[in-house]
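Each remark here refers to the structure printed beneath this line.
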Amino acid sequence: MGISRRLQYCHQGFDPPHQSDTRTIYIANRFPQHGHYIPQKFADNRIISSKYTVWNFVPKNLFEQFRRIANFYFLIIFLVQLMIDTPTSPITSGLPLFFVITVTAIKQGYEDWLRHKADNEVNGAPVYVVRSGGLVKTRSKNIRVGDIVRVAKDETFPVDLVLLSSDRVDGSCHVTTASLDGETNLKTHVAVPETAVLQSVANLDKLVAVIECQQPEADLYRFVGRITISQQMEEIVRPLGPESLLLRGARLKNTKEIFGVAVYTGMETKMALNYKSKSQKRSAVEKSMNSFLIIYLIILLFEAILSTILKYAWQAEEKWDEPWYNGKTEHERNSSKILRFISDFLAFLVLYNFIIPISLYVTVEMQKFLGSFFIGWDLDLYHEETNQRAQVNTSDLNEELGQVEYVFTDKTGTLTENEMQFRECSINGIKYQEVNGKLTPEGFSEDSPDGNRHTLMKEEELFLKAVCLCHTVQISADQTDGADGPWHANGIASPLEYYASSPDEKALVEAASRVGVVFMGTSGDSMEVKSLGKPERYKLLHVLEFDPNRRRMSVIVESPSGEKLLFTKGAESSILPRSKSGEIDKTRIHVDEFALKGLRTLCVAYRRFTPEEYQEIGKRLHEARTALQQREEKLADVFNFIERDLELLGATGVEDKLQEKVQETIEALRLAGIKVWVLTGDKHETAVSVSLSCGHFHRTMNILELVQHKSDSTCAEQLRQLAKRIKEDHVIQHGLVVDGTSLSLALREHEKLFMEVCKNCSAVLCCRMAPLQKAKVVRLLKTSPEKPITLAIGDGANDVSMIQEAHVGIGIMGKEGRQAVRNSDYAIARFKFLSKLLFVHGHFYYIRIATLVQYFFYKNVCFITPQFLYQFFCLFSQQTLYDSVYLTLYNICFTSLPVLIYSLFEQHVHPHVLQSKPVLYRDISKNAHLGYKPFLYWTILGFLHAFVFFYGSYLLMGEDTSLLGNGQMFGNWTFGTLVFTVMVITVTMKMALETHFWTWINHFVTWGSIVFYFIFSLFYGGIIWPFLHTQDMYFVFVQLLSSGSAWFAIILIVVACLFLDVVKKVLYRHLQPTSTEKAQLTETGSGINCMDSMCCFSDGETACTSVRRMLERLMGRCSPTRVNRSWSSTDPFYANDRSILTLSTMDSSTC
């Protein structure tokens, strides 16, 4: 659409952008002067990553917090207490609720304030804009769509710009997008020739042009547009693609300055559109927690209904309905029975509501947040070479690391180094190797007559030129294009420094330069190559970019002789079928041989064009590239038309080294009961070869194949045969290889059959996979009936969809950029660190949080059940057993710290043992510690202890016992305080029994909590508080402690409660020990002469002594001074353990 036609629309009051998927941008905001043109509304350039504003923080934050069941429930209880006459003060539920809400709001508010601070920094950055014929300095947030912006060297782009001109004649500039996708290589961007010449502000101010482009979208690598430039009364239309777009956040390199026009601003820039928050992942523990809450809610409702019914059953007798000492008022006698029943039910609900632990959420949140620091601090997960430590992007999934059942891993850059080295090539059907900087045909040694030649044959030279011209490699700007540099005897230049987005391309260009054909760089639209010292200049006419569907890239160049040539390189599956001549069969055999050696293969081909063919191609390319609708499809058609009838030149074989300790890590994962699937885009033979070398497939394994199927029926038949073979040979292990095309057929119709085959295989390898297929495979397993916990690990942008799909996503800080790391939940530098992350950190996090959750429910059952039992003794009058202050502070102060510290520092087995015995990971798999069995045990234990607290106190402080020296008897507050005292000591001691790893912090908070309770109670009961309307607790605690029989009762009840627990633990450990408990009692011969990670004893003890020692250990009486660990040199443990987790001291002497 030309400018004149667009003005016609404007005359009619019609605004084209609103009616289509495109936006129209008038450069320098020169809108049509006549007519009724209404400028389109675009976003301003402010970046907003914050969630709240000053005005909406309170309502929005409260709304989000009250969406949580527990918070909403406590709000309802608080409102009930305000509305009706309830037995406890509204403060009892209001204060804990206020504490939880406030702590969470402060945390979220602080995080948001940091975001605001960062946003203001970005939005207030100074920028230069061309306005009214000059450069104007303004703030980043003031840039509008259509403004011409100037950016200088090493500055970041403040908006998404279409490049107009640079300080270079050809209008090119170099950019690094490290902050967007992590790729540190330099990318070249070019302006259209008509604007490239406008290098001054004055010239740009005269530019009359319109840009039409697509509406904003998140894809960083996609941009479709065109620019219409008005020059001397004619309109020139040029296509705009990703090579013209400079993205916000990218940095200008090796270019003095550029001018560009703003096309997308603020939250519409591609960087901002990629901020979109990922779907929230929830851990299995959180789901268990919610189901436990519902069970406790049912228990609460049952207790409240039962109490209400019993109250009315009791009051059916007249003497209890209105006793002489408590007469009813007229209003009470005449009130509705239904209303009275509801009111009583709500009152009981309020009385028992503490069975739901409100502080559980805030404690779990603190545990996850603080606990996640251990991963970053762990020096065993630190990679010295790259100076990278492990990174936690979300702390919500820490415990999920201990539940993984399937690991999906990428191959390149994850299992391998992504460091490519040229190994072999095939040229014209002959295999070559590089020997001392020379290409030597296979079978020739350097000493053989033909092996010592200094010239290259015609086919060899053409092959190497193809390798040197068909790529996107850049040369460091410090190395000038024209410099001859020192030349060696055989005509090889001193090495130039190359930058490339693909390590394969870099390896090939470097190899070509070593054997005599050197790529010297690009200047404007020409590429310079030196072939054995002789410079040649090729004109670059077109680049047909690489894309995953075509799996190849091409360049069209004009040779020094004026010939038009197409050079193509890509996967053999996309080049060989398109080749009509050359040594196709021999090359195919060589490619398969390279793949069997584990080399990455590429085929190289070329084609000569006649002038007529080239003219046709140029026309078709221009049409496809200027299309605004379906540009990708049209370009794909044109590329297919161009890349045919090729002449095959040869193939290359590049080696990608395995990372260290990959084999050991995969073996350890297998021992831990975790199935490993490798998902890669590589070809079948290469992938199988790497799978064998890294231990994913064993040599003894029976490898089954589901590859190269073109139809549903053949795929289904093969699947049935595989299932039959697995049933027949069930003794041996099977490995399965699937390729992308067969996989899509299998998933379309035969999902169940495919899953059955996969589950019966020890290892699965999927090759030739597209990124979305990787995610599909993960989703398939995730949603299977068993609902296994999945983990995906990868290093490239092609792994992002798989990382986001899995329950836990891990990014490798590799050479393929930071996109995987940015989208992951955790990031590590090497694959080998995965074993420590799962077997040590995952194990600890799961055990800690499982105990934390169950202990919370246990201590609240202990807390509220005596309140329920007390109602049987006070005629269900809703009289409270505990004082309001005790009700409020029980969860906040008296019992909160020991469990929080336990959940941060507990190590029930030494980290070395966990890592060297991966089989221990099976003990905690399938949410073993948070199933209904352990939950039932903790709940019954809570009820049992509550019965002992209440009836123990009742029996020992029986009705007729005079307790004080003056013959006074205890009242109800003294009885309640006695029960409360016993309870605080017992639940704290119970936590001490569960603790295996004692540090000074554990001792301080465990015994400190009990001491604090006593000091607080003496202080609270020893003063008359003027602001309290009743002084029920005045001198009660002092009186209680002055009684010898009260002390005797406290000690007796605590011992009675915990004794059964200790006996149960001892019996279970001796009669039915788990493998984890056996590891705590590791045999002397293994090199650890210690009972567990904390206590150490001498050998040769009698059976009785060992039981006594165990009792000592269970009671938490291990002395840190007796800690002693000895490791023998044969132990398979990590010798360089510098983990922050190892908090206790290490002793070199033997036990």
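Labels for the structure tokens follow display order: chains A, B, ..., residues from 1 in each chain, ligands from 1.
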Selection near Ser711 of chain A, 10 Å with only C-alpha atoms, sequence-local residues under 2 positions removed, as a ChimeraX atom specification = /A:708-709,713-716,741-742,745-746
For segment 724-736 of chain A, please output as a PyMOL selection string all residues within 8 Å (counting only C-alpha atoms; exclusion window: fewer than 3 positions along the same chain).
-> chain A and resi 697+700-706+720-721+757-758+760-765
Filtering to all heavy atoms, could you give me those residues as a compact mmCIF listing (two decimals), in the first residue's frame?
```txt
# COMPACT_ATOMS: atom_id res chain seq x y z
N PHE A 697 22.93 -45.92 27.40
CA PHE A 697 22.70 -47.29 26.92
C PHE A 697 23.90 -48.14 27.32
O PHE A 697 25.03 -47.68 27.21
CB PHE A 697 22.58 -47.33 25.39
CG PHE A 697 21.26 -46.86 24.84
CD1 PHE A 697 21.11 -46.60 23.48
CD2 PHE A 697 20.16 -46.68 25.66
CE1 PHE A 697 19.89 -46.17 22.96
CE2 PHE A 697 18.94 -46.26 25.16
CZ PHE A 697 18.80 -45.99 23.81
N THR A 700 25.30 -54.25 27.02
CA THR A 700 24.54 -55.50 27.23
C THR A 700 23.04 -55.31 26.97
O THR A 700 22.28 -56.26 26.97
CB THR A 700 24.72 -55.99 28.67
OG1 THR A 700 24.36 -54.91 29.54
CG2 THR A 700 26.16 -56.40 28.94
N MET A 701 22.64 -54.06 26.78
CA MET A 701 21.21 -53.77 26.61
C MET A 701 20.71 -54.22 25.24
O MET A 701 21.44 -54.15 24.26
CB MET A 701 21.02 -52.26 26.71
CG MET A 701 20.13 -51.83 27.83
SD MET A 701 19.98 -50.03 27.77
CE MET A 701 20.00 -49.66 29.51
N ASN A 702 19.46 -54.63 25.20
CA ASN A 702 18.83 -54.96 23.94
C ASN A 702 18.20 -53.68 23.40
O ASN A 702 17.22 -53.18 23.96
CB ASN A 702 17.77 -56.04 24.18
CG ASN A 702 17.06 -56.42 22.89
OD1 ASN A 702 17.58 -56.18 21.80
ND2 ASN A 702 15.87 -56.97 23.02
N ILE A 703 18.80 -53.10 22.33
CA ILE A 703 18.32 -51.80 21.84
C ILE A 703 17.23 -52.00 20.79
O ILE A 703 17.44 -52.61 19.75
CB ILE A 703 19.49 -50.95 21.31
CG1 ILE A 703 20.43 -50.62 22.48
CG2 ILE A 703 18.98 -49.67 20.66
CD1 ILE A 703 21.68 -49.90 22.12
N LEU A 704 16.04 -51.48 21.12
CA LEU A 704 14.89 -51.57 20.22
C LEU A 704 14.75 -50.27 19.45
O LEU A 704 15.05 -49.20 19.98
CB LEU A 704 13.61 -51.81 21.04
CG LEU A 704 13.66 -52.94 22.08
CD1 LEU A 704 12.43 -52.89 22.97
CD2 LEU A 704 13.76 -54.30 21.39
N GLU A 705 14.27 -50.33 18.22
CA GLU A 705 14.18 -49.12 17.40
C GLU A 705 12.78 -48.89 16.85
O GLU A 705 12.11 -49.83 16.42
CB GLU A 705 15.18 -49.19 16.24
CG GLU A 705 16.61 -49.13 16.71
CD GLU A 705 17.62 -48.93 15.58
OE1 GLU A 705 17.21 -49.08 14.40
OE2 GLU A 705 18.79 -48.64 15.86
N LEU A 706 12.36 -47.64 16.91
CA LEU A 706 11.10 -47.22 16.30
C LEU A 706 11.45 -45.99 15.46
O LEU A 706 11.32 -44.85 15.90
CB LEU A 706 10.08 -46.87 17.39
CG LEU A 706 8.67 -46.48 16.92
CD1 LEU A 706 7.94 -47.66 16.32
CD2 LEU A 706 7.87 -45.89 18.07
N ARG A 720 3.59 -52.93 18.35
CA ARG A 720 3.07 -54.20 18.87
C ARG A 720 4.19 -55.24 18.94
O ARG A 720 4.28 -56.00 19.91
CB ARG A 720 1.93 -54.71 17.97
CG ARG A 720 0.64 -53.97 18.23
CD ARG A 720 -0.56 -54.57 17.51
NE ARG A 720 -1.54 -53.52 17.26
CZ ARG A 720 -1.68 -52.88 16.10
NH1 ARG A 720 -0.93 -53.21 15.07
NH2 ARG A 720 -2.58 -51.93 15.96
N GLN A 721 5.03 -55.26 17.92
CA GLN A 721 6.15 -56.21 17.91
C GLN A 721 7.12 -55.92 19.05
O GLN A 721 7.62 -56.84 19.72
CB GLN A 721 6.90 -56.13 16.57
CG GLN A 721 6.15 -56.85 15.44
CD GLN A 721 6.90 -56.78 14.12
OE1 GLN A 721 8.02 -56.27 14.06
NE2 GLN A 721 6.29 -57.31 13.06
N VAL A 757 5.33 -49.48 26.09
CA VAL A 757 6.67 -49.88 25.62
C VAL A 757 7.74 -49.08 26.36
O VAL A 757 8.73 -49.63 26.86
CB VAL A 757 6.80 -49.70 24.09
CG1 VAL A 757 8.23 -49.89 23.63
CG2 VAL A 757 5.88 -50.67 23.35
N CYS A 758 7.52 -47.75 26.44
CA CYS A 758 8.51 -46.87 27.08
C CYS A 758 8.73 -47.22 28.55
O CYS A 758 9.86 -47.24 29.02
CB CYS A 758 8.06 -45.40 26.99
SG CYS A 758 8.22 -44.76 25.34
N ASN A 760 8.47 -49.98 30.04
CA ASN A 760 9.17 -51.25 30.24
C ASN A 760 10.63 -51.19 29.77
O ASN A 760 11.34 -52.18 29.82
CB ASN A 760 8.44 -52.38 29.51
CG ASN A 760 7.12 -52.70 30.18
OD1 ASN A 760 7.06 -52.77 31.41
ND2 ASN A 760 6.07 -52.86 29.41
N CYS A 761 11.07 -50.01 29.30
CA CYS A 761 12.46 -49.85 28.87
C CYS A 761 13.25 -49.11 29.94
O CYS A 761 12.74 -48.16 30.55
CB CYS A 761 12.52 -49.06 27.56
SG CYS A 761 11.88 -49.98 26.16
N SER A 762 14.49 -49.55 30.15
CA SER A 762 15.33 -48.91 31.17
C SER A 762 15.78 -47.53 30.73
O SER A 762 16.01 -46.65 31.55
CB SER A 762 16.57 -49.76 31.45
OG SER A 762 16.20 -51.09 31.66
N ALA A 763 15.99 -47.35 29.42
CA ALA A 763 16.45 -46.06 28.91
C ALA A 763 15.77 -45.78 27.57
O ALA A 763 15.56 -46.69 26.78
CB ALA A 763 17.97 -46.09 28.73
N VAL A 764 15.43 -44.51 27.35
CA VAL A 764 14.77 -44.14 26.10
C VAL A 764 15.56 -42.99 25.47
O VAL A 764 15.98 -42.06 26.17
CB VAL A 764 13.30 -43.71 26.33
CG1 VAL A 764 12.64 -43.27 25.04
CG2 VAL A 764 12.50 -44.84 26.97
N LEU A 765 15.77 -43.10 24.17
CA LEU A 765 16.48 -42.05 23.43
C LEU A 765 15.58 -41.56 22.30
O LEU A 765 15.16 -42.34 21.46
CB LEU A 765 17.79 -42.62 22.86
CG LEU A 765 18.52 -41.79 21.80
CD1 LEU A 765 19.06 -40.50 22.42
CD2 LEU A 765 19.67 -42.58 21.20
```
Residues near segment 257-267 of chain A, cut-off 9 Å, only C-alpha atoms, skip fewer than 2 positions along chain, as an NGL selection string = :A and (23 or 25 or 27-28 or 42-48 or 141 or 143-153 or 158-167 or 171-173 or 199 or 201 or 204 or 211 or 213 or 215-216 or 245-246 or 248 or 252 or 255 or 269-273)
10 Å contact set for segment 421-427 of chain A, only C-alpha atoms, chain neighbours under 5 positions out, as a VMD selection string | chain A and resid 432 to 435 439 to 442 459 to 464 503 to 504 506 to 512 582 to 583 586 to 591 594 599 to 604 648 to 657
Output C-alpha atoms for every residue in that selection, as a compact mmCIF listing (two decimals), in the first residue's frame.
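This went into out23.txt:
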```
# COMPACT_ATOMS: atom_id res chain seq x y z
CA TYR A 432 40.07 -36.81 4.80
CA GLN A 433 41.58 -36.10 8.20
CA GLU A 434 43.44 -33.03 9.40
CA VAL A 435 47.10 -33.85 10.08
CA LEU A 439 44.06 -32.24 4.75
CA THR A 440 45.28 -35.78 4.31
CA PRO A 441 43.23 -38.46 2.50
CA GLU A 442 42.50 -41.54 4.62
CA GLU A 459 37.19 -30.28 -5.42
CA GLU A 460 38.94 -29.77 -2.07
CA GLU A 461 39.30 -26.03 -2.65
CA LEU A 462 35.64 -25.65 -3.71
CA PHE A 463 34.52 -27.64 -0.64
CA LEU A 464 36.60 -25.45 1.70
CA PRO A 503 29.94 -23.70 17.65
CA ASP A 504 29.79 -26.07 14.62
CA LYS A 506 33.13 -21.75 14.19
CA ALA A 507 34.92 -25.14 14.26
CA LEU A 508 34.52 -25.57 10.48
CA VAL A 509 35.71 -22.05 9.57
CA GLU A 510 38.71 -22.43 11.90
CA ALA A 511 39.54 -25.84 10.38
CA ALA A 512 39.36 -24.39 6.84
CA GLY A 582 28.19 -35.78 -6.80
CA GLU A 583 29.27 -38.86 -4.86
CA LYS A 586 29.75 -42.81 -0.90
CA THR A 587 29.05 -39.63 1.09
CA ARG A 588 25.99 -41.25 2.71
CA ILE A 589 28.18 -44.19 3.85
CA HIS A 590 30.81 -41.76 5.21
CA VAL A 591 28.15 -39.74 7.06
CA PHE A 594 31.07 -40.41 11.19
CA LEU A 599 30.55 -37.06 15.39
CA ARG A 600 28.05 -34.32 14.45
CA THR A 601 27.60 -34.38 10.68
CA LEU A 602 26.76 -31.74 8.08
CA CYS A 603 26.55 -32.11 4.28
CA VAL A 604 27.77 -29.39 1.90
CA LEU A 648 27.02 -32.63 -3.52
CA LEU A 649 30.49 -31.52 -2.46
CA GLY A 650 30.95 -33.62 0.68
CA ALA A 651 30.31 -33.85 4.42
CA THR A 652 31.98 -32.79 7.67
CA GLY A 653 32.40 -34.63 10.99
CA VAL A 654 32.79 -32.50 14.12
CA GLU A 655 33.31 -33.95 17.60
CA ASP A 656 31.48 -32.69 20.67
CA LYS A 657 33.32 -33.85 23.81
```
Would you list, as a short mmCIF file (atom, residue, chain, number, x, y, z; two decimals) with N, CA and C atoms, in the first residue's frame, the residues of segment 52-168 of chain A that end up in helix (DSSP H, G or I) under DSSP run on this structure's backbone?
```
data_model
loop_
_atom_site.label_atom_id
_atom_site.label_comp_id
_atom_site.auth_asym_id
_atom_site.auth_seq_id
_atom_site.Cartn_x
_atom_site.Cartn_y
_atom_site.Cartn_z
N PHE A 57 -1.70 -1.40 46.66
CA PHE A 57 -0.94 -2.43 47.39
C PHE A 57 -1.80 -3.13 48.45
N VAL A 58 -2.44 -2.33 49.31
CA VAL A 58 -3.20 -2.94 50.42
C VAL A 58 -4.36 -3.80 49.91
N PRO A 59 -5.28 -3.26 49.07
CA PRO A 59 -6.40 -4.13 48.63
C PRO A 59 -5.94 -5.33 47.80
N LYS A 60 -4.99 -5.11 46.88
CA LYS A 60 -4.57 -6.18 45.99
C LYS A 60 -3.84 -7.28 46.77
N ASN A 61 -2.95 -6.86 47.69
CA ASN A 61 -2.19 -7.84 48.48
C ASN A 61 -3.11 -8.63 49.40
N LEU A 62 -4.07 -7.93 50.03
CA LEU A 62 -5.01 -8.62 50.93
C LEU A 62 -5.87 -9.61 50.14
N PHE A 63 -6.31 -9.20 48.95
CA PHE A 63 -7.12 -10.09 48.12
C PHE A 63 -6.33 -11.37 47.80
N GLU A 64 -5.05 -11.21 47.42
CA GLU A 64 -4.23 -12.37 47.07
C GLU A 64 -4.00 -13.28 48.27
N GLN A 65 -3.79 -12.67 49.45
CA GLN A 65 -3.51 -13.49 50.63
C GLN A 65 -4.76 -14.23 51.12
N ILE A 69 -6.75 -20.80 51.55
CA ILE A 69 -7.84 -21.38 52.37
C ILE A 69 -7.66 -21.03 53.85
N ALA A 70 -6.45 -21.25 54.39
CA ALA A 70 -6.22 -21.07 55.83
C ALA A 70 -6.45 -19.62 56.25
N ASN A 71 -5.94 -18.68 55.46
CA ASN A 71 -6.10 -17.26 55.80
C ASN A 71 -7.56 -16.85 55.77
N PHE A 72 -8.27 -17.30 54.75
CA PHE A 72 -9.69 -16.96 54.61
C PHE A 72 -10.48 -17.57 55.78
N TYR A 73 -10.13 -18.80 56.13
CA TYR A 73 -10.81 -19.49 57.23
C TYR A 73 -10.63 -18.71 58.53
N PHE A 74 -9.39 -18.25 58.80
CA PHE A 74 -9.14 -17.52 60.06
C PHE A 74 -9.81 -16.15 60.05
N LEU A 75 -9.97 -15.55 58.87
CA LEU A 75 -10.68 -14.28 58.78
C LEU A 75 -12.15 -14.48 59.17
N ILE A 76 -12.74 -15.58 58.66
CA ILE A 76 -14.14 -15.90 58.99
C ILE A 76 -14.28 -16.09 60.50
N ILE A 77 -13.36 -16.88 61.08
CA ILE A 77 -13.39 -17.13 62.55
C ILE A 77 -13.29 -15.81 63.31
N PHE A 78 -12.38 -14.94 62.87
CA PHE A 78 -12.18 -13.63 63.52
C PHE A 78 -13.47 -12.81 63.47
N LEU A 79 -14.14 -12.80 62.30
CA LEU A 79 -15.39 -12.05 62.16
C LEU A 79 -16.49 -12.64 63.03
N VAL A 80 -16.53 -13.99 63.13
CA VAL A 80 -17.52 -14.66 64.01
C VAL A 80 -17.30 -14.22 65.45
N GLN A 81 -16.03 -14.15 65.87
CA GLN A 81 -15.72 -13.74 67.26
C GLN A 81 -16.16 -12.31 67.53
N LEU A 82 -16.09 -11.48 66.48
CA LEU A 82 -16.51 -10.08 66.66
C LEU A 82 -18.03 -9.97 66.75
N MET A 83 -18.72 -10.85 66.03
CA MET A 83 -20.19 -10.72 65.90
C MET A 83 -20.96 -11.37 67.04
N ILE A 91 -8.96 -11.42 69.75
CA ILE A 91 -7.49 -11.24 69.60
C ILE A 91 -6.81 -12.59 69.36
N THR A 92 -7.36 -13.68 69.93
CA THR A 92 -6.70 -15.00 69.82
C THR A 92 -6.54 -15.45 68.38
N SER A 93 -7.53 -15.15 67.51
CA SER A 93 -7.33 -15.50 66.11
C SER A 93 -6.93 -14.28 65.29
N GLY A 94 -7.28 -13.08 65.76
CA GLY A 94 -6.94 -11.85 65.02
C GLY A 94 -5.45 -11.57 65.01
N LEU A 95 -4.78 -11.76 66.16
CA LEU A 95 -3.36 -11.44 66.25
C LEU A 95 -2.48 -12.36 65.39
N PRO A 96 -2.67 -13.73 65.50
CA PRO A 96 -1.86 -14.59 64.61
C PRO A 96 -2.13 -14.31 63.13
N LEU A 97 -3.41 -14.05 62.81
CA LEU A 97 -3.76 -13.74 61.41
C LEU A 97 -3.07 -12.46 60.97
N PHE A 98 -3.11 -11.44 61.83
CA PHE A 98 -2.47 -10.16 61.53
C PHE A 98 -0.96 -10.35 61.36
N PHE A 99 -0.36 -11.21 62.21
CA PHE A 99 1.09 -11.47 62.14
C PHE A 99 1.45 -12.12 60.80
N VAL A 100 0.69 -13.16 60.42
CA VAL A 100 0.97 -13.89 59.18
C VAL A 100 0.79 -12.96 57.97
N ILE A 101 -0.33 -12.23 57.95
CA ILE A 101 -0.62 -11.33 56.83
C ILE A 101 0.45 -10.24 56.72
N THR A 102 0.84 -9.68 57.88
CA THR A 102 1.83 -8.59 57.89
C THR A 102 3.18 -9.07 57.40
N VAL A 103 3.64 -10.24 57.92
CA VAL A 103 4.96 -10.76 57.51
C VAL A 103 4.99 -10.99 56.00
N THR A 104 3.93 -11.63 55.48
CA THR A 104 3.87 -11.90 54.03
C THR A 104 3.80 -10.61 53.24
N ALA A 105 3.00 -9.64 53.72
CA ALA A 105 2.85 -8.36 53.00
C ALA A 105 4.17 -7.60 52.98
N ILE A 106 4.90 -7.61 54.11
CA ILE A 106 6.20 -6.92 54.16
C ILE A 106 7.16 -7.54 53.16
N LYS A 107 7.20 -8.90 53.12
CA LYS A 107 8.11 -9.60 52.20
C LYS A 107 7.76 -9.25 50.75
N GLN A 108 6.45 -9.34 50.42
CA GLN A 108 6.05 -9.06 49.03
C GLN A 108 6.20 -7.59 48.68
N GLY A 109 5.94 -6.72 49.67
CA GLY A 109 6.09 -5.28 49.45
C GLY A 109 7.53 -4.90 49.20
N TYR A 110 8.44 -5.50 49.96
CA TYR A 110 9.88 -5.22 49.80
C TYR A 110 10.35 -5.67 48.42
N GLU A 111 9.93 -6.89 48.03
CA GLU A 111 10.32 -7.41 46.70
C GLU A 111 9.80 -6.48 45.60
N ASP A 112 8.57 -5.96 45.79
CA ASP A 112 7.99 -5.08 44.77
C ASP A 112 8.66 -3.72 44.76
N TRP A 113 9.08 -3.24 45.94
CA TRP A 113 9.81 -1.97 46.02
C TRP A 113 11.12 -2.06 45.24
N LEU A 114 11.79 -3.20 45.34
CA LEU A 114 13.02 -3.41 44.58
C LEU A 114 12.75 -3.36 43.08
N ARG A 115 11.60 -3.95 42.67
CA ARG A 115 11.23 -3.91 41.25
C ARG A 115 10.96 -2.48 40.79
N HIS A 116 10.26 -1.70 41.64
CA HIS A 116 9.97 -0.30 41.32
C HIS A 116 11.28 0.48 41.14
N LYS A 117 12.22 0.21 42.05
CA LYS A 117 13.51 0.90 42.03
C LYS A 117 14.23 0.61 40.71
N ALA A 118 14.24 -0.68 40.32
CA ALA A 118 14.89 -1.08 39.07
C ALA A 118 14.18 -0.45 37.87
N ASP A 119 12.83 -0.43 37.91
CA ASP A 119 12.06 0.17 36.81
C ASP A 119 12.38 1.65 36.64
N ASN A 120 12.44 2.37 37.78
CA ASN A 120 12.71 3.81 37.72
C ASN A 120 14.09 4.10 37.15
N GLU A 121 15.04 3.24 37.48
CA GLU A 121 16.40 3.40 36.94
C GLU A 121 16.38 3.29 35.42
N VAL A 122 15.67 2.25 34.93
CA VAL A 122 15.59 2.00 33.48
C VAL A 122 14.81 3.12 32.79
N ASN A 123 13.65 3.48 33.35
CA ASN A 123 12.78 4.47 32.71
C ASN A 123 13.38 5.87 32.72
N SER A 140 14.32 7.96 28.91
CA SER A 140 13.89 6.77 28.16
C SER A 140 12.36 6.67 28.10
N LYS A 141 11.69 7.01 29.22
CA LYS A 141 10.23 6.82 29.27
C LYS A 141 9.48 7.77 28.33
N ASN A 142 10.18 8.83 27.83
CA ASN A 142 9.52 9.81 26.97
C ASN A 142 9.58 9.47 25.48
#
```
Extract, using only C-alpha atoms, all DNA, RNA and protein residues at most 8 Å from Gln214 of chain A, discarding same-chain residues fewer than 6 positions from it, and format them as a list in words.
-> Asp21, Thr22, Arg23, Phe223, Val224, Gly225 and Leu628 of chain A
Contacts of Gln867 of chain A within 10 Å, only C-alpha atoms, excl. fewer than 6 positions in-chain, as a count of residues only = 11
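Interatomic distance, atom CA of Leu930 of chain A to atom CA of Ala284 of chain A: 9.2 Å.
Atom pair atom CA of Leu1071 of chain A / atom CA of His843 of chain A has a distance of 24.1 Å (rounded to one decimal).
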Give me the residues within 8 Å of Asn823 of chain A as a PyMOL selection string, counting only C-alpha atoms and dropping any in the same chain fewer than 4 places off.
-> chain A and resi 800+803-804+809+811+819
Create the file for the chosen residues now, containing N, CA and C atoms and written as a compact mmCIF listing (two decimals), in the first residue's frame.
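Saved to part-v1.txt:
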```
# COMPACT_ATOMS: atom_id res chain seq x y z
N VAL A 800 13.71 -24.76 26.23
CA VAL A 800 12.88 -23.95 27.14
C VAL A 800 11.49 -24.56 27.33
N ILE A 803 11.70 -27.50 29.62
CA ILE A 803 12.02 -27.06 31.00
C ILE A 803 10.78 -26.51 31.69
N GLN A 804 9.99 -25.74 30.93
CA GLN A 804 8.79 -25.14 31.53
C GLN A 804 7.68 -26.18 31.74
N GLY A 809 12.38 -27.71 36.34
CA GLY A 809 13.19 -27.38 35.16
C GLY A 809 14.56 -26.91 35.57
N GLY A 811 18.27 -25.46 34.21
CA GLY A 811 19.03 -24.90 33.09
C GLY A 811 20.51 -25.12 33.31
N GLN A 819 18.96 -18.49 27.78
CA GLN A 819 17.51 -18.60 27.73
C GLN A 819 17.01 -19.74 28.60
```
Determine, using only C-alpha atoms, which residues of segment 281-319 of chain A have any atom at most 9 Å from an atom of segment 353-377 of chain A, and tabulate each with its shortest atom pair and distance in Å to one decimal place, rows ordered by chain and then rising number, as JSON lines.
```
{"residue": "A:Leu293", "atom": "CA", "partner": "A:Ile356", "partner_atom": "CA", "distance": 6.9}
{"residue": "A:Tyr296", "atom": "CA", "partner": "A:Ile356", "partner_atom": "CA", "distance": 6.6}
{"residue": "A:Leu297", "atom": "CA", "partner": "A:Ile356", "partner_atom": "CA", "distance": 7.0}
{"residue": "A:Ile299", "atom": "CA", "partner": "A:Ile355", "partner_atom": "CA", "distance": 8.7}
{"residue": "A:Leu300", "atom": "CA", "partner": "A:Asn353", "partner_atom": "CA", "distance": 7.0}
```
